[in-house]
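Source file: target.cif (mmCIF, C-alpha atoms)
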data_my_file
#
loop_
_atom_site.label_atom_id
_atom_site.label_comp_id
_atom_site.auth_asym_id
_atom_site.auth_seq_id
_atom_site.Cartn_x
_atom_site.Cartn_y
_atom_site.Cartn_z
CA MET A 1 -31.15 -40.66 -54.48
CA ALA A 2 -31.60 -37.14 -53.32
CA ASN A 3 -28.83 -34.65 -53.90
CA LYS A 4 -28.14 -31.65 -51.69
CA VAL A 5 -29.68 -28.97 -53.82
CA GLY A 6 -33.23 -29.87 -53.01
CA ILE A 7 -34.73 -32.13 -55.53
CA VAL A 8 -36.90 -34.74 -56.68
CA ALA A 9 -40.39 -34.85 -57.84
CA VAL A 10 -43.90 -34.93 -56.65
CA MET A 11 -45.51 -38.26 -57.35
CA ALA A 12 -49.18 -38.89 -57.26
CA GLY A 13 -50.45 -42.10 -55.77
CA VAL A 14 -53.95 -43.31 -55.29
CA ALA A 15 -56.49 -44.07 -52.64
CA ALA A 16 -54.63 -45.34 -49.65
CA PHE A 17 -57.14 -44.12 -47.08
CA ALA A 18 -60.85 -44.54 -47.79
CA VAL A 19 -61.78 -43.59 -44.23
CA PRO A 20 -59.42 -41.04 -42.70
CA LEU A 21 -57.91 -42.36 -39.50
CA PHE A 22 -56.57 -39.06 -38.30
CA ALA A 23 -58.77 -36.52 -40.02
CA HIS A 24 -58.97 -33.33 -38.01
CA HIS A 25 -59.89 -29.71 -38.50
CA GLY A 26 -60.16 -28.69 -42.11
CA ALA A 27 -59.61 -32.20 -43.44
CA ALA A 28 -62.54 -31.49 -45.76
CA SER A 29 -60.13 -29.36 -47.75
CA TYR A 30 -57.90 -32.35 -48.50
CA ASP A 31 -58.36 -35.13 -51.02
CA THR A 32 -58.15 -38.24 -48.87
CA SER A 33 -58.43 -40.44 -51.96
CA LYS A 34 -54.99 -39.34 -53.12
CA THR A 35 -51.56 -39.73 -51.63
CA VAL A 36 -48.83 -37.47 -52.92
CA THR A 37 -45.15 -37.67 -52.05
CA VAL A 38 -43.50 -34.32 -51.47
CA ALA A 39 -39.72 -34.58 -51.60
CA GLY A 40 -37.28 -31.74 -51.11
CA THR A 41 -35.58 -29.52 -48.58
CA VAL A 42 -37.11 -28.36 -45.30
CA THR A 43 -37.18 -24.56 -45.15
CA GLU A 44 -38.97 -24.20 -41.80
CA TYR A 45 -40.41 -26.40 -39.06
CA VAL A 46 -43.19 -24.78 -37.05
CA TRP A 47 -43.75 -26.61 -33.74
CA SER A 48 -46.87 -24.73 -32.71
CA ASN A 49 -50.62 -24.86 -32.14
CA PRO A 50 -53.07 -25.39 -33.60
CA HIS A 51 -51.12 -27.63 -36.01
CA VAL A 52 -47.46 -28.42 -36.56
CA LEU A 53 -46.19 -27.37 -40.01
CA VAL A 54 -43.29 -28.68 -42.11
CA LYS A 55 -42.42 -26.35 -44.99
CA VAL A 56 -40.61 -27.95 -47.90
CA ASP A 57 -39.16 -26.61 -51.13
CA ALA A 58 -39.56 -29.29 -53.81
CA LYS A 59 -38.26 -29.06 -57.39
CA ASP A 60 -40.09 -30.63 -60.27
CA ALA A 61 -38.43 -32.24 -63.28
CA SER A 62 -38.08 -28.84 -64.96
CA GLY A 63 -36.31 -27.36 -61.96
CA ASN A 64 -39.23 -25.24 -60.85
CA VAL A 65 -39.46 -24.92 -57.07
CA ALA A 66 -42.79 -25.38 -55.32
CA HIS A 67 -43.11 -24.14 -51.75
CA TRP A 68 -45.09 -26.81 -49.87
CA VAL A 69 -46.70 -26.48 -46.47
CA CYS A 70 -47.37 -29.89 -44.90
CA GLU A 71 -49.44 -29.98 -41.73
CA ALA A 72 -49.73 -32.49 -38.92
CA TRP A 73 -51.75 -32.20 -35.68
CA ASN A 74 -50.97 -30.21 -32.56
CA PRO A 75 -47.66 -30.63 -30.71
CA VAL A 76 -49.19 -32.74 -27.91
CA THR A 77 -50.71 -35.25 -30.33
CA GLN A 78 -47.55 -35.29 -32.43
CA THR A 79 -45.46 -35.91 -29.30
CA GLY A 80 -47.60 -38.97 -28.68
CA ARG A 81 -46.63 -40.15 -32.15
CA GLY A 82 -42.94 -39.75 -31.38
CA TRP A 83 -42.35 -36.32 -32.86
CA THR A 84 -40.37 -33.65 -31.02
CA LYS A 85 -39.52 -30.01 -31.60
CA ASN A 86 -36.29 -31.31 -33.15
CA THR A 87 -37.71 -33.94 -35.53
CA PHE A 88 -37.09 -31.67 -38.53
CA LYS A 89 -34.71 -28.78 -39.09
CA ALA A 90 -34.13 -26.40 -41.96
CA GLY A 91 -31.92 -28.04 -44.57
CA ASP A 92 -33.13 -31.60 -43.96
CA GLU A 93 -33.83 -33.61 -47.10
CA VAL A 94 -37.24 -35.15 -46.63
CA SER A 95 -39.88 -37.21 -48.33
CA LEU A 96 -43.42 -36.87 -46.95
CA GLU A 97 -46.57 -38.69 -48.00
CA ILE A 98 -49.52 -36.32 -47.81
CA ASN A 99 -53.15 -35.89 -48.79
CA PRO A 100 -53.09 -32.85 -51.10
CA ALA A 101 -55.44 -29.86 -51.02
CA LYS A 102 -58.47 -30.32 -53.26
CA ASN A 103 -58.03 -26.86 -54.74
CA GLY A 104 -54.53 -27.62 -56.04
CA ALA A 105 -52.63 -25.42 -53.57
CA SER A 106 -49.21 -26.66 -52.48
CA VAL A 107 -50.53 -27.64 -49.08
CA GLY A 108 -51.17 -31.08 -47.65
CA GLU A 109 -51.87 -33.12 -44.56
CA ILE A 110 -49.10 -35.56 -43.60
CA ARG A 111 -50.69 -38.99 -43.67
CA GLY A 112 -48.12 -41.64 -44.47
CA ARG A 113 -44.44 -42.47 -44.82
CA ILE A 114 -41.88 -39.97 -43.59
CA VAL A 115 -38.22 -40.10 -44.63
CA ILE A 116 -35.69 -37.69 -43.16
CA ASN A 117 -32.20 -37.51 -44.65
CA GLY A 118 -32.56 -40.98 -46.09
CA THR A 119 -33.87 -42.65 -42.92
CA GLU A 120 -37.51 -43.60 -42.47
CA PHE A 121 -39.05 -41.97 -39.42
CA LYS A 122 -41.31 -44.46 -37.66
CA GLN A 123 -44.25 -42.87 -35.89
CA THR A 124 -45.68 -44.34 -32.71
CA PRO A 125 -48.94 -46.10 -33.69
CA MET B 1 -37.33 -72.12 -21.55
CA SER B 2 -36.12 -70.66 -18.26
CA LYS B 3 -38.40 -68.66 -15.98
CA ARG B 4 -35.95 -65.76 -16.09
CA PHE B 5 -36.10 -65.70 -19.89
CA VAL B 6 -39.90 -65.66 -19.88
CA VAL B 7 -39.94 -62.84 -17.33
CA SER B 8 -37.52 -60.88 -19.50
CA ILE B 9 -39.70 -61.30 -22.57
CA VAL B 10 -42.79 -60.14 -20.65
CA ALA B 11 -40.86 -57.14 -19.35
CA VAL B 12 -39.78 -56.15 -22.84
CA ILE B 13 -43.35 -56.42 -24.16
CA ALA B 14 -44.68 -54.37 -21.23
CA ALA B 15 -42.01 -51.74 -21.79
CA GLY B 16 -43.06 -51.51 -25.42
CA MET B 17 -46.71 -51.07 -24.54
CA PHE B 18 -46.00 -48.25 -22.15
CA SER B 19 -42.97 -46.80 -23.89
CA PRO B 20 -44.33 -43.23 -24.13
CA LEU B 21 -45.02 -43.31 -20.41
CA LEU B 22 -41.59 -44.68 -19.61
CA ARG B 23 -40.00 -42.04 -21.79
CA ALA B 24 -42.05 -39.44 -19.99
CA GLN B 25 -41.03 -40.75 -16.59
CA ASP B 26 -37.40 -40.39 -17.57
CA GLU B 27 -37.88 -36.80 -18.52
CA LYS B 28 -40.42 -35.73 -15.86
CA TRP B 29 -41.95 -32.98 -18.00
CA ASN B 30 -44.58 -32.90 -20.75
CA ASN B 31 -45.51 -36.53 -20.14
CA ILE B 32 -47.46 -38.32 -22.86
CA PRO B 33 -49.99 -40.91 -21.67
CA PRO B 34 -50.22 -44.41 -23.12
CA THR B 35 -52.50 -44.93 -26.10
CA ARG B 36 -55.64 -47.07 -26.05
CA ALA B 37 -53.64 -50.03 -27.35
CA ALA B 38 -51.79 -50.16 -24.03
CA TYR B 39 -55.04 -50.92 -22.22
CA ARG B 40 -56.41 -53.47 -24.68
CA ASP B 41 -55.80 -56.51 -22.48
CA LYS B 42 -55.55 -54.71 -19.18
CA LYS B 43 -58.35 -55.12 -16.64
CA PRO B 44 -59.14 -52.44 -14.03
CA SER B 45 -57.34 -53.35 -10.84
CA GLY B 46 -56.83 -52.39 -7.22
CA VAL B 47 -59.22 -51.41 -4.46
CA PRO B 48 -60.16 -47.74 -4.79
CA PRO B 49 -60.18 -45.35 -1.85
CA ARG B 50 -63.61 -44.36 -0.57
CA ARG B 51 -65.20 -41.14 -1.85
CA ASP B 52 -62.04 -40.05 -3.59
CA ILE B 53 -61.27 -39.33 -7.24
CA THR B 54 -58.22 -37.17 -6.72
CA GLY B 55 -55.35 -37.72 -9.08
CA ILE B 56 -54.29 -37.28 -12.67
CA TRP B 57 -56.62 -39.09 -15.07
CA ASP B 58 -56.35 -39.77 -18.78
CA THR B 59 -58.82 -40.89 -21.45
CA ALA B 60 -56.21 -42.52 -23.71
CA GLN B 61 -56.96 -40.16 -26.59
CA ALA B 62 -60.70 -40.83 -26.68
CA LEU B 63 -61.11 -37.56 -28.54
CA GLY B 64 -64.61 -36.67 -29.72
CA THR B 65 -63.44 -34.96 -32.91
CA SER B 66 -66.63 -36.03 -34.71
CA GLY B 67 -68.94 -35.09 -31.87
CA ALA B 68 -70.16 -36.73 -28.68
CA PRO B 69 -68.48 -40.16 -28.42
CA GLU B 70 -71.81 -42.03 -28.37
CA HIS B 71 -73.23 -40.05 -31.30
CA PRO B 72 -70.48 -39.13 -33.77
CA ALA B 73 -71.70 -37.20 -36.81
CA LEU B 74 -70.66 -40.05 -39.09
CA GLY B 75 -72.41 -42.66 -41.15
CA PRO B 76 -71.86 -46.42 -40.71
CA GLY B 77 -68.18 -47.33 -40.96
CA GLY B 78 -67.14 -43.74 -40.40
CA ARG B 79 -68.53 -42.60 -43.73
CA GLY B 80 -69.31 -38.96 -44.41
CA SER B 81 -66.32 -37.49 -42.59
CA GLN B 82 -65.64 -35.07 -45.45
CA GLY B 83 -68.83 -33.11 -44.83
CA GLY B 84 -71.10 -31.46 -47.36
CA GLN B 85 -74.47 -31.82 -45.58
CA GLN B 86 -76.53 -29.18 -43.78
CA ASP B 87 -78.13 -31.67 -41.42
CA GLU B 88 -77.17 -35.07 -40.01
CA THR B 89 -79.24 -37.30 -42.27
CA GLY B 90 -77.69 -40.77 -42.50
CA ILE B 91 -75.53 -40.75 -39.38
CA GLU B 92 -75.35 -44.07 -37.58
CA LYS B 93 -76.79 -42.92 -34.24
CA PRO B 94 -79.05 -39.91 -34.90
CA LEU B 95 -80.04 -37.47 -32.18
CA PRO B 96 -83.67 -36.65 -31.29
CA TYR B 97 -83.76 -33.03 -32.42
CA THR B 98 -86.80 -30.85 -31.95
CA ALA B 99 -87.62 -28.46 -34.80
CA ALA B 100 -85.84 -25.71 -32.86
CA GLY B 101 -82.89 -28.01 -32.28
CA LEU B 102 -82.54 -28.84 -35.95
CA ALA B 103 -82.72 -25.17 -36.90
CA ALA B 104 -80.06 -24.33 -34.32
CA LEU B 105 -77.86 -27.20 -35.52
CA LYS B 106 -77.83 -25.84 -39.07
CA LYS B 107 -76.48 -22.49 -37.86
CA ASN B 108 -73.45 -24.16 -36.29
CA LEU B 109 -70.71 -24.95 -38.83
CA PRO B 110 -68.22 -27.52 -37.47
CA SER B 111 -64.72 -28.13 -38.83
CA GLY B 112 -64.13 -31.56 -37.35
CA PRO B 113 -64.59 -34.71 -39.45
CA GLY B 114 -68.29 -35.38 -39.93
CA VAL B 115 -71.21 -35.14 -42.31
CA ARG B 116 -71.50 -31.37 -41.75
CA GLN B 117 -67.79 -30.54 -41.84
CA VAL B 118 -66.81 -27.25 -43.49
CA ASP B 119 -63.40 -25.85 -44.43
CA SER B 120 -61.58 -24.78 -41.28
CA VAL B 121 -61.67 -21.06 -42.13
CA LEU B 122 -65.45 -21.19 -42.60
CA THR B 123 -66.27 -22.67 -39.19
CA ASN B 124 -68.07 -20.67 -36.53
CA ASP B 125 -66.93 -23.11 -33.85
CA PRO B 126 -66.15 -21.16 -30.66
CA ALA B 127 -62.96 -23.22 -30.47
CA GLY B 128 -61.86 -21.83 -33.84
CA LYS B 129 -61.77 -18.34 -32.33
CA CYS B 130 -60.26 -19.53 -29.06
CA ASP B 131 -63.46 -18.56 -27.26
CA PRO B 132 -64.04 -20.51 -24.03
CA LEU B 133 -65.28 -24.01 -24.80
CA GLY B 134 -67.46 -24.08 -21.71
CA PHE B 135 -69.09 -27.18 -20.31
CA PRO B 136 -69.88 -29.83 -21.53
CA TYR B 137 -67.91 -29.10 -24.74
CA MET B 138 -64.63 -29.36 -22.80
CA PHE B 139 -65.57 -32.94 -21.79
CA SER B 140 -67.07 -34.11 -25.08
CA TRP B 141 -64.08 -33.09 -27.23
CA GLU B 142 -60.38 -33.48 -26.47
CA PHE B 143 -61.14 -34.67 -22.94
CA ARG B 144 -57.51 -35.89 -22.76
CA THR B 145 -55.89 -35.59 -19.33
CA ILE B 146 -57.23 -33.85 -16.23
CA ASN B 147 -55.97 -33.16 -12.74
CA VAL B 148 -58.64 -33.70 -10.07
CA VAL B 149 -58.27 -32.02 -6.68
CA GLN B 150 -60.70 -32.49 -3.80
CA THR B 151 -61.20 -30.11 -0.88
CA ALA B 152 -63.70 -30.33 1.96
CA LYS B 153 -66.31 -28.51 -0.12
CA GLN B 154 -65.26 -28.81 -3.77
CA VAL B 155 -64.02 -31.12 -6.47
CA ILE B 156 -61.84 -29.14 -8.87
CA MET B 157 -60.98 -30.43 -12.34
CA LEU B 158 -58.06 -28.82 -14.16
CA SER B 159 -57.34 -29.39 -17.83
CA PRO B 160 -54.34 -27.86 -19.57
CA PHE B 161 -56.22 -28.34 -22.84
CA TYR B 162 -57.45 -24.83 -23.69
CA GLY B 163 -56.84 -23.89 -20.04
CA ASN B 164 -60.17 -25.30 -18.85
CA TYR B 165 -61.18 -25.82 -15.26
CA ARG B 166 -64.34 -26.82 -13.41
CA VAL B 167 -65.48 -26.29 -9.85
CA ILE B 168 -68.00 -28.82 -8.52
CA TRP B 169 -69.49 -27.91 -5.17
CA THR B 170 -69.95 -30.77 -2.71
CA ASP B 171 -71.16 -28.77 0.29
CA GLY B 172 -74.80 -29.73 -0.14
CA ARG B 173 -75.95 -26.61 -1.97
CA GLN B 174 -78.60 -26.87 -4.68
CA PRO B 175 -78.28 -25.56 -8.28
CA PRO B 176 -79.29 -21.88 -8.57
CA LYS B 177 -82.98 -21.31 -9.41
CA ASP B 178 -82.46 -18.30 -11.69
CA PRO B 179 -78.79 -18.49 -12.71
CA ASP B 180 -76.74 -15.79 -14.35
CA LEU B 181 -75.62 -17.98 -17.24
CA ARG B 182 -71.92 -18.95 -17.36
CA TYR B 183 -69.66 -20.78 -19.80
CA ASN B 184 -69.11 -23.63 -17.35
CA GLY B 185 -72.49 -23.37 -15.68
CA TYR B 186 -73.06 -24.32 -12.06
CA SER B 187 -72.06 -27.78 -10.88
CA VAL B 188 -73.06 -29.60 -7.71
CA GLY B 189 -71.85 -33.08 -6.83
CA THR B 190 -72.85 -35.82 -4.41
CA TRP B 191 -71.59 -39.29 -3.57
CA MET B 192 -74.27 -41.87 -4.34
CA ASP B 193 -72.11 -44.50 -2.67
CA ASP B 194 -68.43 -44.77 -1.75
CA TYR B 195 -67.35 -45.14 -5.37
CA THR B 196 -69.96 -43.25 -7.41
CA PHE B 197 -69.76 -39.47 -7.69
CA VAL B 198 -72.63 -37.83 -9.56
CA VAL B 199 -72.65 -34.24 -10.80
CA ARG B 200 -75.49 -32.07 -12.11
CA THR B 201 -74.64 -28.93 -14.09
CA THR B 202 -77.08 -26.20 -15.14
CA GLY B 203 -76.97 -22.57 -16.23
CA MET B 204 -74.68 -22.83 -19.28
CA LEU B 205 -74.51 -20.08 -21.90
CA PRO B 206 -76.41 -21.29 -25.00
CA LYS B 207 -73.86 -19.73 -27.35
CA THR B 208 -71.51 -22.57 -26.45
CA TRP B 209 -71.70 -25.91 -28.26
CA LEU B 210 -72.31 -29.34 -26.79
CA ASP B 211 -69.61 -30.95 -28.88
CA HIS B 212 -67.24 -30.63 -31.83
CA ALA B 213 -70.02 -31.50 -34.30
CA GLY B 214 -71.86 -28.28 -33.45
CA ARG B 215 -74.72 -29.84 -31.48
CA PRO B 216 -76.69 -26.95 -29.94
CA HIS B 217 -78.17 -26.41 -26.49
CA SER B 218 -80.46 -23.90 -24.83
CA ASP B 219 -80.41 -22.28 -21.41
CA GLN B 220 -82.56 -25.22 -20.25
CA LEU B 221 -79.68 -27.67 -20.64
CA VAL B 222 -79.05 -30.05 -17.74
CA VAL B 223 -75.95 -32.26 -17.82
CA ASP B 224 -75.81 -35.25 -15.49
CA GLU B 225 -72.46 -36.98 -15.06
CA THR B 226 -71.40 -40.12 -13.28
CA PHE B 227 -67.81 -40.74 -12.21
CA HIS B 228 -67.85 -44.41 -11.19
CA ARG B 229 -64.54 -45.45 -9.71
CA VAL B 230 -64.60 -49.14 -10.58
CA SER B 231 -61.06 -49.79 -9.33
CA ALA B 232 -58.02 -47.99 -7.98
CA ASP B 233 -56.82 -47.25 -11.49
CA THR B 234 -60.04 -46.72 -13.49
CA ILE B 235 -63.07 -44.44 -13.52
CA GLU B 236 -66.00 -45.04 -15.86
CA TYR B 237 -67.34 -41.69 -17.04
CA THR B 238 -70.92 -41.22 -18.27
CA GLN B 239 -72.56 -38.00 -19.43
CA LYS B 240 -76.30 -37.49 -20.08
CA ILE B 241 -77.81 -34.52 -21.94
CA THR B 242 -81.29 -33.22 -21.17
CA ASP B 243 -82.56 -30.17 -23.04
CA PRO B 244 -86.28 -30.18 -23.95
CA VAL B 245 -85.89 -27.10 -26.13
CA MET B 246 -83.41 -28.77 -28.50
CA TYR B 247 -84.02 -32.51 -28.01
CA THR B 248 -87.25 -34.47 -27.64
CA GLU B 249 -85.72 -36.78 -25.04
CA PRO B 250 -82.55 -37.09 -22.95
CA TRP B 251 -79.57 -38.80 -24.59
CA ILE B 252 -76.27 -40.27 -23.50
CA ALA B 253 -73.27 -38.39 -24.91
CA THR B 254 -70.59 -40.53 -23.26
CA ASN B 255 -71.19 -44.01 -21.87
CA LYS B 256 -68.85 -45.61 -19.35
CA LEU B 257 -65.72 -44.15 -20.94
CA PRO B 258 -62.70 -45.67 -19.16
CA VAL B 259 -60.52 -42.98 -17.63
CA HIS B 260 -57.14 -44.17 -16.40
CA LEU B 261 -55.10 -43.08 -13.38
CA MET B 262 -51.65 -41.74 -14.20
CA PRO B 263 -48.63 -41.74 -11.88
CA PRO B 264 -48.71 -38.94 -9.28
CA ASP B 265 -45.71 -37.18 -10.84
CA PHE B 266 -47.24 -37.15 -14.33
CA ASP B 267 -46.74 -33.67 -15.88
CA ILE B 268 -49.64 -32.88 -18.25
CA PRO B 269 -48.50 -31.14 -21.44
CA GLU B 270 -49.92 -27.72 -22.24
CA LEU B 271 -52.26 -27.27 -25.17
CA GLN B 272 -53.44 -23.67 -25.21
CA CYS B 273 -55.58 -21.89 -27.79
CA SER B 274 -53.86 -18.75 -29.02
CA PRO B 275 -55.82 -16.38 -31.30
CA SER B 276 -52.61 -15.15 -32.93
CA GLU B 277 -51.44 -18.70 -33.63
CA PHE B 278 -54.83 -19.56 -35.13
CA ALA B 279 -54.70 -16.45 -37.33
CA GLU B 280 -51.24 -17.42 -38.56
CA TYR B 281 -52.39 -20.99 -39.25
CA ASN B 282 -55.37 -19.73 -41.27
CA ASN B 283 -53.07 -17.36 -43.14
CA GLN B 284 -50.65 -20.13 -44.09
CA VAL B 285 -52.96 -23.14 -44.40
CA GLY B 286 -56.67 -22.74 -43.65
CA GLY B 287 -57.27 -19.88 -46.09
CA VAL B 288 -55.00 -21.35 -48.74
CA VAL B 289 -56.77 -24.71 -48.99
CA LEU B 290 -60.31 -23.27 -49.02
CA ARG B 291 -62.23 -25.29 -51.62
CA ASP B 292 -64.32 -22.35 -52.85
CA SER B 293 -62.33 -19.13 -52.58
CA SER B 294 -65.47 -17.03 -53.21
CA LYS B 295 -66.58 -17.92 -49.66
CA LYS B 296 -63.48 -16.59 -47.96
#

For the file at hand, write its structure as structure tokens.
Amino acid sequence: MANKVGIVAVMAGVAAFAVPLFAHHGAASYDTSKTVTVAGTVTEYVWSNPHVLVKVDAKDASGNVAHWVCEAWNPVTQTGRGWTKNTFKAGDEVSLEINPAKNGASVGEIRGRIVINGTEFKQTP
Amino acid sequence: MSKRFVVSIVAVIAAGMFSPLLRAQDEKWNNIPPTRAAYRDKKPSGVPPRRDITGIWDTAQALGTSGAPEHPALGPGGRGSQGGQQDETGIEKPLPYTAAGLAALKKNLPSGPGVRQVDSVLTNDPAGKCDPLGFPYMFSWEFRTINVVQTAKQVIMLSPFYGNYRVIWTDGRQPPKDPDLRYNGYSVGTWMDDYTFVVRTTGMLPKTWLDHAGRPHSDQLVVDETFHRVSADTIEYTQKITDPVMYTEPWIATNKLPVHLMPPDFDIPELQCSPSEFAEYNNQVGGVVLRDSSKK
């Protein structure tokens, strides 16, 4: 269970998406064979072109904070998936499944399950 | 089971299929069209008006992110989307490049999913700099939703995506013989019959791309389009590419793509390209995830 300080871990998963369904610009930079769960506190939500960004501070087991930038598509496409400019706000506790950057940077493309303050956010298919 | 119960069930299912549209109708602004799934079992219906394609039309997210819809730069089963190739060897539906066409292709570095994809900060896609897409790029990628207006002498197509617009002259004029090249070229349209509007476009700037996979064209490019209104609520859109400098034979980029009529009060969302927003994105994401930082 997440506490209010900003928490949890980053867990590596494997190969959920052999063929990217929603690959877009720059997807070549992401490892689509890996799914990573970023869990922590939203620091900023950027509802803007070209891509929407969710910035998350996530602590590892040692208490070190990693500043993650998780990207989605543009606001119009995200609106079609049920997102709005108010889906996230600073301070939200979130868990986001992403494809991580191949070069190891704390950046990823949101590709799976989304949990906001303990409630799963269901995207429009 | 009562008839009323069955009707209720059908109504609930229909509401689910079109829920984004219903939500949009409630709010009146920034309407989001239904997805392709909403049309899966829906047949075109209604008698169309004669010689008329006015209205707000949507492609149900038939986005050519991997290139022209009929020739995506992907191998069988969508393989190769991560890029890494200089040419398009192995794609499922190869294009008939000339030697000049192949050389020109290799100079264009696309960032969309495909066998030639590069990191987003390394692309030289005009779209990546917010340069004008021009025609036909605007209709081969992110076609999305357009507003079509007809006057006595023109058909005007407005797209809030990247702020694109087209003017198609219907006053009987012929394409210019020695055009001053333009991003959108010069379009003339005629009605082949009451429900088939055909458009020929010439005179496009060769620095623009044909599609999001970086397919090139020369100043000899001719694009022939057919807008076939098969019913009141559906147009089938076809686009043919002819460019003897880059391709050994004409090819079909889009084939009978269904385009669906939206309600008349449908407000199309804005999707502009802002150079400053792109720069900020590359600063925070594109440059950070570059696979080989020596290329930055």

Mind running region 57-132 of chain B against region 34-58 of chain A at 12 Å and telling me each contacting residue's nearest atom pair with the distance in Å (one decimal), counting all atoms listed in the file, chain and number ascending, as a Markdown table?
| residue | atom | partner | partner_atom | distance |
| --- | --- | --- | --- | --- |
| B:Ser120 | CA | A:Pro50 | CA | 11.5 |
| B:Ala127 | CA | A:Pro50 | CA | 10.6 |
| B:Gly128 | CA | A:Pro50 | CA | 9.5 |
| B:Lys129 | CA | A:Pro50 | CA | 11.3 |
| B:Cys130 | CA | A:Pro50 | CA | 10.3 |

Name the residues that the PyMOL selection byres ((chain A) within 12 of (chain B)) picks from the file above, as a JSON list (two decimals) with C-alpha atoms, in the frame of the given file, using the file's chain letters and numbers.
[["chain", "number", "residue", "atom", "x", "y", "z"],
["A", 17, "PHE", "CA", -57.14, -44.12, -47.08],
["A", 18, "ALA", "CA", -60.85, -44.54, -47.79],
["A", 19, "VAL", "CA", -61.78, -43.59, -44.23],
["A", 20, "PRO", "CA", -59.42, -41.04, -42.70],
["A", 21, "LEU", "CA", -57.91, -42.36, -39.50],
["A", 22, "PHE", "CA", -56.57, -39.06, -38.30],
["A", 23, "ALA", "CA", -58.77, -36.52, -40.02],
["A", 24, "HIS", "CA", -58.97, -33.33, -38.01],
["A", 25, "HIS", "CA", -59.89, -29.71, -38.50],
["A", 26, "GLY", "CA", -60.16, -28.69, -42.11],
["A", 27, "ALA", "CA", -59.61, -32.20, -43.44],
["A", 28, "ALA", "CA", -62.54, -31.49, -45.76],
["A", 29, "SER", "CA", -60.13, -29.36, -47.75],
["A", 30, "TYR", "CA", -57.90, -32.35, -48.50],
["A", 31, "ASP", "CA", -58.36, -35.13, -51.02],
["A", 32, "THR", "CA", -58.15, -38.24, -48.87],
["A", 33, "SER", "CA", -58.43, -40.44, -51.96],
["A", 46, "VAL", "CA", -43.19, -24.78, -37.05],
["A", 47, "TRP", "CA", -43.75, -26.61, -33.74],
["A", 48, "SER", "CA", -46.87, -24.73, -32.71],
["A", 49, "ASN", "CA", -50.62, -24.86, -32.14],
["A", 50, "PRO", "CA", -53.07, -25.39, -33.60],
["A", 51, "HIS", "CA", -51.12, -27.63, -36.01],
["A", 52, "VAL", "CA", -47.46, -28.42, -36.56],
["A", 53, "LEU", "CA", -46.19, -27.37, -40.01],
["A", 54, "VAL", "CA", -43.29, -28.68, -42.11],
["A", 55, "LYS", "CA", -42.42, -26.35, -44.99],
["A", 67, "HIS", "CA", -43.11, -24.14, -51.75],
["A", 68, "TRP", "CA", -45.09, -26.81, -49.87],
["A", 69, "VAL", "CA", -46.70, -26.48, -46.47],
["A", 70, "CYS", "CA", -47.37, -29.89, -44.90],
["A", 71, "GLU", "CA", -49.44, -29.98, -41.73],
["A", 72, "ALA", "CA", -49.73, -32.49, -38.92],
["A", 73, "TRP", "CA", -51.75, -32.20, -35.68],
["A", 74, "ASN", "CA", -50.97, -30.21, -32.56],
["A", 75, "PRO", "CA", -47.66, -30.63, -30.71],
["A", 76, "VAL", "CA", -49.19, -32.74, -27.91],
["A", 77, "THR", "CA", -50.71, -35.25, -30.33],
["A", 78, "GLN", "CA", -47.55, -35.29, -32.43],
["A", 79, "THR", "CA", -45.46, -35.91, -29.30],
["A", 80, "GLY", "CA", -47.60, -38.97, -28.68],
["A", 81, "ARG", "CA", -46.63, -40.15, -32.15],
["A", 82, "GLY", "CA", -42.94, -39.75, -31.38],
["A", 83, "TRP", "CA", -42.35, -36.32, -32.86],
["A", 84, "THR", "CA", -40.37, -33.65, -31.02],
["A", 99, "ASN", "CA", -53.15, -35.89, -48.79],
["A", 100, "PRO", "CA", -53.09, -32.85, -51.10],
["A", 101, "ALA", "CA", -55.44, -29.86, -51.02],
["A", 102, "LYS", "CA", -58.47, -30.32, -53.26],
["A", 103, "ASN", "CA", -58.03, -26.86, -54.74],
["A", 104, "GLY", "CA", -54.53, -27.62, -56.04],
["A", 105, "ALA", "CA", -52.63, -25.42, -53.57],
["A", 106, "SER", "CA", -49.21, -26.66, -52.48],
["A", 107, "VAL", "CA", -50.53, -27.64, -49.08],
["A", 108, "GLY", "CA", -51.17, -31.08, -47.65],
["A", 109, "GLU", "CA", -51.87, -33.12, -44.56],
["A", 123, "GLN", "CA", -44.25, -42.87, -35.89],
["A", 124, "THR", "CA", -45.68, -44.34, -32.71],
["A", 125, "PRO", "CA", -48.94, -46.10, -33.69]]

Check what the PyMOL selection byres ((chain B and resi 39-48) around 12) selects in the file above and give those residues as a ChimeraX atom specification. /B:14,17-18,33-38,49-55,58-61,194-196,228-236,258-261

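Straight-line separation from CA of Tyr97 (chain B) to CA of Val198 (chain B): 25.9 Å.
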
The PyMOL selection byres ((chain B and resi 108) around 8) resolved against shown file, as a count of residues only: 12

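Of note, CA of Met192 (chain B) and CA of Phe227 (chain B) are spaced 10.2 Å apart.
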
Leaving out Thr238 (chain B) and any residue of its chain fewer than 5 positions from it, which residues lie within 6 Å of it when counting only C-alpha atoms, given as a ChimeraX atom specification? /B:225-226,254-256

Polymer residues at most 6 Å from (-51.6, -38.4, -8.3) by all atoms listed in the file, as a VMD selection string: chain B and resid 55 to 56 263 to 264

If you measure from CA of Ala103 (chain B) to CA of Phe139 (chain B), what distance in Å do you get, rounded to one decimal? 24.1 Å
